>>> print(open('input35.csv').read())   # CSV, N, CA and C atoms
chain,number,residue,atom,x,y,z
A,1,MET,N,-10.6,10.6,27.9
A,1,MET,CA,-10.3,9.3,27.5
A,1,MET,C,-10.5,9.2,26.0
A,2,ILE,N,-9.5,8.6,25.3
A,2,ILE,CA,-9.6,8.3,23.9
A,2,ILE,C,-10.0,6.9,23.7
A,3,LYS,N,-11.1,6.7,22.8
A,3,LYS,CA,-11.5,5.4,22.5
A,3,LYS,C,-11.3,5.0,21.1
A,4,CYS,N,-10.8,3.8,20.9
A,4,CYS,CA,-10.5,3.3,19.5
A,4,CYS,C,-11.6,2.4,19.1
A,5,HIS,N,-12.1,2.6,17.9
A,5,HIS,CA,-13.2,1.9,17.3
A,5,HIS,C,-12.7,0.9,16.2
A,6,LEU,N,-11.4,0.6,16.2
A,6,LEU,CA,-10.9,-0.2,15.1
A,6,LEU,C,-11.5,-1.6,15.1
A,7,LYS,N,-11.8,-2.2,16.2
A,7,LYS,CA,-12.4,-3.5,16.2
A,7,LYS,C,-13.7,-3.5,15.5
A,8,THR,N,-14.5,-2.5,15.8
A,8,THR,CA,-15.9,-2.4,15.2
A,8,THR,C,-15.8,-2.2,13.7
A,9,ILE,N,-14.8,-1.3,13.3
A,9,ILE,CA,-14.7,-1.0,11.9
A,9,ILE,C,-14.2,-2.3,11.1
A,10,LEU,N,-13.3,-3.1,11.7
A,10,LEU,CA,-12.9,-4.3,11.1
A,10,LEU,C,-14.0,-5.3,10.9
A,11,LYS,N,-14.8,-5.4,12.0
A,11,LYS,CA,-16.0,-6.3,11.9
A,11,LYS,C,-17.0,-5.9,10.9
A,12,GLU,N,-17.3,-4.6,10.8
A,12,GLU,CA,-18.2,-4.1,9.7
A,12,GLU,C,-17.7,-4.4,8.3
A,13,ARG,N,-16.4,-4.4,8.2
A,13,ARG,CA,-15.8,-4.6,6.8
A,13,ARG,C,-15.4,-6.1,6.6
A,14,ASN,N,-15.7,-7.0,7.5
A,14,ASN,CA,-15.4,-8.4,7.5
A,14,ASN,C,-13.9,-8.6,7.3
A,15,LEU,N,-13.1,-7.9,8.0
A,15,LEU,CA,-11.7,-8.0,8.0
A,15,LEU,C,-11.2,-8.5,9.4
A,16,THR,N,-10.1,-9.3,9.4
A,16,THR,CA,-9.5,-9.7,10.6
A,16,THR,C,-8.4,-8.8,11.0
A,17,GLN,N,-8.0,-8.8,12.2
A,17,GLN,CA,-6.8,-8.1,12.6
A,17,GLN,C,-5.6,-8.5,11.8
A,18,LYS,N,-5.5,-9.8,11.6
A,18,LYS,CA,-4.3,-10.3,10.8
A,18,LYS,C,-4.3,-9.8,9.4
A,19,GLU,N,-5.5,-9.7,8.8
A,19,GLU,CA,-5.5,-9.2,7.4
A,19,GLU,C,-5.1,-7.7,7.4
A,20,LEU,N,-5.5,-6.9,8.4
A,20,LEU,CA,-5.1,-5.6,8.5
A,20,LEU,C,-3.6,-5.5,8.7
A,21,CYS,N,-3.1,-6.3,9.5
A,21,CYS,CA,-1.6,-6.3,9.8
A,21,CYS,C,-0.8,-6.6,8.5
A,22,ILE,N,-1.3,-7.5,7.7
A,22,ILE,CA,-0.7,-7.8,6.4
A,22,ILE,C,-0.8,-6.6,5.4
A,23,MET,N,-2.0,-6.0,5.4
A,23,MET,CA,-2.2,-4.8,4.5
A,23,MET,C,-1.3,-3.7,4.8
A,24,ILE,N,-1.0,-3.4,6.1
A,24,ILE,CA,-0.2,-2.2,6.4
A,24,ILE,C,1.1,-2.6,7.0
A,25,ASN,N,1.5,-3.9,7.0
A,25,ASN,CA,2.8,-4.3,7.6
A,25,ASN,C,3.0,-3.8,9.0
A,26,ALA,N,2.0,-4.2,9.9
A,26,ALA,CA,2.1,-3.8,11.3
A,26,ALA,C,2.2,-5.0,12.1
A,27,ARG,N,2.7,-4.9,13.3
A,27,ARG,CA,2.8,-6.0,14.3
A,27,ARG,C,1.4,-6.4,14.8
A,28,PRO,N,1.1,-7.7,14.8
A,28,PRO,CA,-0.2,-8.1,15.3
A,28,PRO,C,-0.5,-7.6,16.8
A,29,SER,N,0.5,-7.5,17.6
A,29,SER,CA,0.3,-7.1,19.0
A,29,SER,C,-0.1,-5.6,19.0
A,30,THR,N,0.4,-4.8,18.1
A,30,THR,CA,0.0,-3.4,18.0
A,30,THR,C,-1.4,-3.3,17.6
A,31,ILE,N,-1.9,-4.0,16.6
A,31,ILE,CA,-3.3,-3.9,16.2
A,31,ILE,C,-4.2,-4.5,17.3
A,32,CYS,N,-3.8,-5.5,17.9
A,32,CYS,CA,-4.5,-6.1,19.0
A,32,CYS,C,-4.7,-5.1,20.1
A,33,ASP,N,-3.7,-4.5,20.5
A,33,ASP,CA,-3.8,-3.4,21.6
A,33,ASP,C,-4.8,-2.3,21.2
A,34,LEU,N,-4.7,-1.9,19.9
A,34,LEU,CA,-5.6,-0.9,19.5
A,34,LEU,C,-7.1,-1.4,19.5
A,35,CYS,N,-7.3,-2.6,19.0
A,35,CYS,CA,-8.6,-3.1,19.0
A,35,CYS,C,-9.2,-3.3,20.4
A,36,ASN,N,-8.4,-3.6,21.3
A,36,ASN,CA,-8.8,-3.8,22.7
A,36,ASN,C,-8.7,-2.5,23.6
A,37,ASN,N,-8.4,-1.4,23.0
A,37,ASN,CA,-8.2,-0.2,23.7
A,37,ASN,C,-7.2,-0.2,24.8
A,38,ASN,N,-6.1,-1.0,24.5
A,38,ASN,CA,-5.0,-1.1,25.5
A,38,ASN,C,-3.7,-0.4,25.1
A,39,ALA,N,-3.8,0.4,24.0
A,39,ALA,CA,-2.6,1.1,23.5
A,39,ALA,C,-2.4,2.4,24.3
A,40,ASP,N,-1.2,2.6,24.7
A,40,ASP,CA,-0.9,3.8,25.4
A,40,ASP,C,-0.6,5.0,24.4
A,41,TYR,N,-0.2,4.7,23.2
A,41,TYR,CA,0.0,5.7,22.2
A,41,TYR,C,-0.1,5.0,20.8
A,42,ILE,N,-0.2,5.9,19.8
A,42,ILE,CA,-0.2,5.4,18.4
A,42,ILE,C,0.6,6.4,17.5
A,43,LYS,N,1.5,5.8,16.8
A,43,LYS,CA,2.3,6.7,15.9
A,43,LYS,C,1.5,7.2,14.7
A,44,PHE,N,1.8,8.4,14.3
A,44,PHE,CA,1.0,9.0,13.2
A,44,PHE,C,1.2,8.2,11.9
A,45,PRO,N,2.3,7.7,11.6
A,45,PRO,CA,2.4,6.9,10.3
A,45,PRO,C,1.5,5.7,10.4
A,46,LEU,N,1.4,5.0,11.5
A,46,LEU,CA,0.6,3.9,11.6
A,46,LEU,C,-0.9,4.3,11.5
A,47,LEU,N,-1.3,5.3,12.1
A,47,LEU,CA,-2.7,5.8,12.0
A,47,LEU,C,-3.0,6.2,10.6
A,48,TYR,N,-2.0,6.8,9.9
A,48,TYR,CA,-2.2,7.1,8.5
A,48,TYR,C,-2.4,5.9,7.6
A,49,ASP,N,-1.6,4.8,7.9
A,49,ASP,CA,-1.7,3.6,7.1
A,49,ASP,C,-3.0,2.9,7.4
A,50,ILE,N,-3.5,2.9,8.6
A,50,ILE,CA,-4.8,2.3,8.9
A,50,ILE,C,-5.9,3.0,8.2
A,51,CYS,N,-5.9,4.3,8.3
A,51,CYS,CA,-6.9,5.1,7.6
A,51,CYS,C,-6.9,4.9,6.1
A,52,ASN,N,-5.7,4.8,5.5
A,52,ASN,CA,-5.6,4.5,4.0
A,52,ASN,C,-6.1,3.2,3.7
A,53,ALA,N,-5.7,2.2,4.5
A,53,ALA,CA,-6.1,0.8,4.2
A,53,ALA,C,-7.6,0.6,4.3
A,54,LEU,N,-8.2,1.3,5.3
A,54,LEU,CA,-9.7,1.1,5.6
A,54,LEU,C,-10.5,2.2,4.9
A,55,ASN,N,-9.8,3.1,4.2
A,55,ASN,CA,-10.5,4.2,3.5
A,55,ASN,C,-11.5,4.9,4.4
A,56,CYS,N,-10.9,5.4,5.5
A,56,CYS,CA,-11.7,6.1,6.5
A,56,CYS,C,-10.9,7.3,7.1
A,57,GLY,N,-11.5,8.1,7.9
A,57,GLY,CA,-10.8,9.2,8.6
A,57,GLY,C,-10.4,8.9,10.0
A,58,ILE,N,-9.6,9.7,10.6
A,58,ILE,CA,-9.1,9.5,11.9
A,58,ILE,C,-10.3,9.5,12.9
A,59,SER,N,-11.3,10.4,12.6
A,59,SER,CA,-12.4,10.5,13.5
A,59,SER,C,-13.3,9.3,13.5
A,60,ASP,N,-13.2,8.4,12.5
A,60,ASP,CA,-13.9,7.2,12.4
A,60,ASP,C,-13.3,6.2,13.3
A,61,ILE,N,-12.0,6.3,13.6
A,61,ILE,CA,-11.2,5.3,14.4
A,61,ILE,C,-11.1,5.7,15.8
A,62,LEU,N,-10.9,7.0,16.1
A,62,LEU,CA,-10.6,7.5,17.4
A,62,LEU,C,-11.7,8.6,17.8
A,63,THR,N,-12.2,8.5,19.0
A,63,THR,CA,-13.1,9.5,19.6
A,63,THR,C,-12.6,9.8,21.0
A,64,ILE,N,-13.0,11.0,21.5
A,64,ILE,CA,-12.7,11.4,22.8
A,64,ILE,C,-14.0,11.3,23.6
A,65,LYS,N,-13.9,10.6,24.8
A,65,LYS,CA,-15.1,10.5,25.7
A,65,LYS,C,-14.7,11.1,27.0
>>> encode(input="input35.csv", output="structure tokens")
Amino acid sequence: MIKCHLKTILKERNLTQKELCIMINARPSTICDLCNNNADYIKFPLLYDICNALNCGISDILTIK
């Protein structure tokens, strides 16, 4: 199982899901699904944009359990 830690990272950085959406031009529903671990997949360009916007690596956002 792959777990997404985006919600935790946003909280640590005092950012909202909406602010991230604006930063990377993403749909709010997509970010919401990622934050709630309800996403079935994530496109590489979106993952790249999230990592760049948050100045973190993929392993900070996603882990395998």
>>> closest_residue(input="input35.csv", among="A:Thr30, A:Met23, A:Asn36, A:Lys65", to="Ala53 in chain A", atoms="only N, CA and C atoms")
A:Met23
>>> select_by_dssp(input="input35.csv", residues="chain A", states="strand (DSSP E or B)", output="JSON, numbers by chain")
{"A": [2, 3, 4, 62, 63, 64]}
>>> residues_around(input="input35.csv", residues="His5 in chain A", least_positions_apart="6", cutoff="7 Å", atoms="all atoms listed in the file", output="list in words")
Leu34, Cys35, Asp60, Ile61, Leu62 and Thr63 of chain A
>>> write_last_selection(input="input35.csv", atoms="N, CA and C atoms", output="mmCIF file, in the coordinates of the input")
data_model
loop_
_atom_site.group_PDB
_atom_site.id
_atom_site.type_symbol
_atom_site.label_atom_id
_atom_site.label_comp_id
_atom_site.auth_asym_id
_atom_site.auth_seq_id
_atom_site.Cartn_x
_atom_site.Cartn_y
_atom_site.Cartn_z
ATOM 1 N N LEU A 34 -4.700 -1.900 19.900
ATOM 2 C CA LEU A 34 -5.600 -0.900 19.500
ATOM 3 C C LEU A 34 -7.100 -1.400 19.500
ATOM 4 N N CYS A 35 -7.300 -2.600 19.000
ATOM 5 C CA CYS A 35 -8.600 -3.100 19.000
ATOM 6 C C CYS A 35 -9.200 -3.300 20.400
ATOM 7 N N ASP A 60 -13.200 8.400 12.500
ATOM 8 C CA ASP A 60 -13.900 7.200 12.400
ATOM 9 C C ASP A 60 -13.300 6.200 13.300
ATOM 10 N N ILE A 61 -12.000 6.300 13.600
ATOM 11 C CA ILE A 61 -11.200 5.300 14.400
ATOM 12 C C ILE A 61 -11.100 5.700 15.800
ATOM 13 N N LEU A 62 -10.900 7.000 16.100
ATOM 14 C CA LEU A 62 -10.600 7.500 17.400
ATOM 15 C C LEU A 62 -11.700 8.600 17.800
ATOM 16 N N THR A 63 -12.200 8.500 19.000
ATOM 17 C CA THR A 63 -13.100 9.500 19.600
ATOM 18 C C THR A 63 -12.600 9.800 21.000
#
>>> closest_residue(input="input35.csv", among="A:Ile58, A:Cys21, A:Ala26, A:Cys4", to="Asn38 in chain A", atoms="all atoms listed in the file")
A:Cys4
>>> atom_distance(input="input35.csv", atom1="CA of Lys18 in chain A", atom2="CA of Met1 in chain A")
26.4 Å
>>> select_by_dssp(input="input35.csv", residues="chain A", states="alpha helix (DSSP H)", output="PyMOL selection string")
chain A and resi 6-12+17-24+28-35+44-54+58-61
>>> closest_residue(input="input35.csv", among="A:Asn55, A:Ile2, A:Leu47, A:Lys7", to="Cys32 in chain A", atoms="only C-alpha atoms")
A:Lys7
>>> atom_distance(input="input35.csv", atom1="CA of Leu6 in chain A", atom2="CA of Asp49 in chain A")
12.8 Å
>>> residues_around(input="input35.csv", residues="Leu46 in chain A", least_positions_apart="5", cutoff="8 Å", atoms="only N, CA and C atoms", output="list of chain:residue names")
A:Ile24, A:Ala26, A:Cys51, A:Asn52
>>> atom_distance(input="input35.csv", atom1="atom N of Ile22 in chain A", atom2="atom N of Leu54 in chain A")
11.4 Å
